[in-house]
Amino acid sequence: MNTDDLRRALARLASDDDEEGIERIVRAATEESRSAADAAVAVWLEGGELGTRARSILVSLDDLALASLARSRIPAESSDRAFRMQAIARGARAAQTRAVNALFASLDDRTDLGSPGGVAESRAPARRVCDEAYLLLRGLLFADGAVAGSVASSEAFLANPERERDALIREAKTSGVFRRLVDDADVEL
């Protein structure tokens with residue numbers, strides 16, 4: 001699905017909340033985006049010379065092959081099982097590296113996002129793009145949620161005045177604490 005195809009599909013929606021239409025678009029886009037990786041996995045699992053070539057395609061697809069490999073059957077051959085695990089881990093790492101780089105770049109964006117809506121949350125501190133990026137990076141760093149991913153920790157961070165939040169963000173950037181999320185060679189710090 002290219003940009004023009006998506007524009008036409010979006011224009012055909014009955015409204016902004018046409019859930020059925022949106023679901024059709026998502027289903028078509030998902031099927032199309034996964035088709036090459038699904039085909040490469042199928043050919044790789046067949047083995048032989050074409051299977052070896054398909055394996056090279058999977059390596060090159062990197063994170064685009066992640067879902068297809070994760071959904072595939074587990075191969076009988078131990079070397080193929082090892083390749084599948086390595087390719088899944090490599091794809092996950094590539095996706096995480098791209099996400100971390102995008103979030104890291106947002107740490108410098110001080111654009112105001114305002115307070116969350118609702119009467120109960122009208123006293124919530126105003127959030128900035130950099131605050132959200134910082135909290136999301138901490139959530140990735142502490143994925144189990146026990147430390148920085150918790151609601152209490154997020155609320156405590158946001159309760160700080162802007163200059164203190166800026167200092168925490170600056171400290172995290174200069175200390176390299178987020179380097180643990182990606183290989184040093186992959187992150188643009």
# chains A, B, ... in the order shown; residues from 1 in each chain; ligands from 1

$ residues_around --residues "range 38-46 of chain A" --least-positions-apart "5" --cutoff "8 Å" --atoms "only C-alpha atoms" --output "ChimeraX atom specification"
/A:51-55,57-58,65,68-69,72,75

$ write_last_selection --atoms "N, CA and C atoms" --output "PDB file, in the first residue's frame"
ATOM      1  N   GLY A  51      16.189 -22.279  -0.207  1.00  0.00           N
ATOM      2  CA  GLY A  51      16.069 -22.032   1.228  1.00  0.00           C
ATOM      3  C   GLY A  51      17.256 -21.246   1.764  1.00  0.00           C
ATOM      4  N   THR A  52      18.436 -21.568   1.268  1.00  0.00           N
ATOM      5  CA  THR A  52      19.644 -20.853   1.669  1.00  0.00           C
ATOM      6  C   THR A  52      19.576 -19.402   1.214  1.00  0.00           C
ATOM      7  N   ARG A  53      19.080 -19.196   0.003  1.00  0.00           N
ATOM      8  CA  ARG A  53      18.942 -17.820  -0.507  1.00  0.00           C
ATOM      9  C   ARG A  53      17.875 -17.056   0.287  1.00  0.00           C
ATOM     10  N   ALA A  54      16.794 -17.734   0.607  1.00  0.00           N
ATOM     11  CA  ALA A  54      15.724 -17.093   1.382  1.00  0.00           C
ATOM     12  C   ALA A  54      16.226 -16.705   2.773  1.00  0.00           C
ATOM     13  N   ARG A  55      17.097 -17.528   3.310  1.00  0.00           N
ATOM     14  CA  ARG A  55      17.694 -17.209   4.620  1.00  0.00           C
ATOM     15  C   ARG A  55      18.468 -15.887   4.547  1.00  0.00           C
ATOM     16  N   ILE A  57      17.788 -13.444   2.585  1.00  0.00           N
ATOM     17  CA  ILE A  57      16.757 -12.396   2.528  1.00  0.00           C
ATOM     18  C   ILE A  57      16.263 -12.082   3.937  1.00  0.00           C
ATOM     19  N   LEU A  58      16.033 -13.104   4.734  1.00  0.00           N
ATOM     20  CA  LEU A  58      15.566 -12.895   6.114  1.00  0.00           C
ATOM     21  C   LEU A  58      16.569 -12.093   6.927  1.00  0.00           C
ATOM     22  N   ALA A  65      11.387  -8.939   9.315  1.00  0.00           N
ATOM     23  CA  ALA A  65      11.135 -10.375   9.330  1.00  0.00           C
ATOM     24  C   ALA A  65      10.746 -10.882  10.719  1.00  0.00           C
ATOM     25  N   SER A  68       7.188 -12.542  11.193  1.00  0.00           N
ATOM     26  CA  SER A  68       7.082 -13.777  10.396  1.00  0.00           C
ATOM     27  C   SER A  68       7.893 -14.910  11.020  1.00  0.00           C
ATOM     28  N   LEU A  69       9.104 -14.596  11.474  1.00  0.00           N
ATOM     29  CA  LEU A  69       9.932 -15.623  12.113  1.00  0.00           C
ATOM     30  C   LEU A  69       9.331 -16.071  13.448  1.00  0.00           C
ATOM     31  N   SER A  72       6.509 -18.428  12.802  1.00  0.00           N
ATOM     32  CA  SER A  72       6.804 -19.625  12.015  1.00  0.00           C
ATOM     33  C   SER A  72       6.920 -20.864  12.901  1.00  0.00           C
ATOM     34  N   PRO A  75      11.778 -25.095  13.280  1.00  0.00           N
ATOM     35  CA  PRO A  75      12.382 -26.062  12.354  1.00  0.00           C
ATOM     36  C   PRO A  75      12.920 -27.289  13.078  1.00  0.00           C
TER      37      PRO A  75
END

$ closest_residue --among "A:Ala70, A:Val182, A:Leu113, A:Ile169" --to "Leu140 in chain A" --atoms "only C-alpha atoms"
A:Val182

$ atom_distance --atom1 "CA of Leu50 in chain A" --atom2 "CA of Ala94 in chain A"
25.4 Å

$ select_by_dssp --residues "range 28-147 of chain A" --states "strand (DSSP E)" --output "JSON, numbers by chain"
{"A": [112, 113, 114, 127, 128]}

$ select_by_dssp --residues "range 23-133 of chain A" --states "alpha helix (DSSP H)" --output "ChimeraX atom specification"
/A:23-46,48-61,66-71,78-106,129-133

$ atom_distance --atom1 "CA of Leu107 in chain A" --atom2 "CA of Arg165 in chain A"
11.0 Å

$ decode --residues "range 162-184 of chain A" --atoms "N, CA and C atoms" --output "short mmCIF file (atom, residue, chain, number, x, y, z; two decimals), in the first residue's frame"
data_model
loop_
_atom_site.label_atom_id
_atom_site.label_comp_id
_atom_site.auth_asym_id
_atom_site.auth_seq_id
_atom_site.Cartn_x
_atom_site.Cartn_y
_atom_site.Cartn_z
N GLU A 162 10.07 22.06 35.94
CA GLU A 162 10.69 21.85 34.63
C GLU A 162 12.21 21.84 34.69
N ARG A 163 12.80 22.73 35.44
CA ARG A 163 14.28 22.79 35.46
C ARG A 163 14.87 21.52 36.07
N GLU A 164 14.17 20.93 37.06
CA GLU A 164 14.66 19.66 37.63
C GLU A 164 14.48 18.51 36.64
N ARG A 165 13.36 18.51 35.92
CA ARG A 165 13.16 17.49 34.89
C ARG A 165 14.22 17.64 33.80
N ASP A 166 14.51 18.90 33.41
CA ASP A 166 15.56 19.15 32.42
C ASP A 166 16.89 18.60 32.90
N ALA A 167 17.18 18.79 34.18
CA ALA A 167 18.45 18.30 34.74
C ALA A 167 18.50 16.78 34.72
N LEU A 168 17.40 16.12 35.04
CA LEU A 168 17.35 14.65 35.02
C LEU A 168 17.53 14.13 33.59
N ILE A 169 16.89 14.80 32.64
CA ILE A 169 17.02 14.40 31.24
C ILE A 169 18.45 14.60 30.77
N ARG A 170 19.03 15.76 31.09
CA ARG A 170 20.42 16.05 30.72
C ARG A 170 21.37 15.03 31.32
N GLU A 171 21.15 14.70 32.59
CA GLU A 171 22.00 13.72 33.27
C GLU A 171 21.91 12.35 32.60
N ALA A 172 20.69 11.95 32.24
CA ALA A 172 20.51 10.66 31.57
C ALA A 172 21.21 10.64 30.22
N LYS A 173 21.13 11.75 29.50
CA LYS A 173 21.78 11.82 28.19
C LYS A 173 23.30 11.77 28.32
N THR A 174 23.85 12.54 29.24
CA THR A 174 25.31 12.59 29.35
C THR A 174 25.90 11.37 30.04
N SER A 175 25.14 10.73 30.92
CA SER A 175 25.66 9.56 31.63
C SER A 175 25.65 8.31 30.75
N GLY A 176 24.87 8.36 29.68
CA GLY A 176 24.79 7.19 28.81
C GLY A 176 23.92 6.08 29.37
N VAL A 177 23.04 6.41 30.33
CA VAL A 177 22.20 5.39 30.95
C VAL A 177 21.35 4.66 29.91
N PHE A 178 20.97 5.36 28.85
CA PHE A 178 20.14 4.72 27.83
C PHE A 178 20.96 3.89 26.84
N ARG A 179 22.30 3.96 26.95
CA ARG A 179 23.15 3.14 26.09
C ARG A 179 22.90 1.65 26.28
N ARG A 180 22.42 1.29 27.46
CA ARG A 180 22.16 -0.13 27.72
C ARG A 180 21.04 -0.67 26.83
N LEU A 181 20.25 0.23 26.25
CA LEU A 181 19.14 -0.20 25.40
C LEU A 181 19.57 -0.60 24.01
N VAL A 182 20.71 -0.10 23.57
CA VAL A 182 21.18 -0.39 22.22
C VAL A 182 22.69 -0.58 22.24
N ASP A 183 23.20 -1.21 21.22
CA ASP A 183 24.64 -1.34 21.08
C ASP A 183 25.24 0.04 20.88
N ASP A 184 26.40 0.28 21.46
CA ASP A 184 27.04 1.60 21.32
C ASP A 184 27.19 2.01 19.88
#
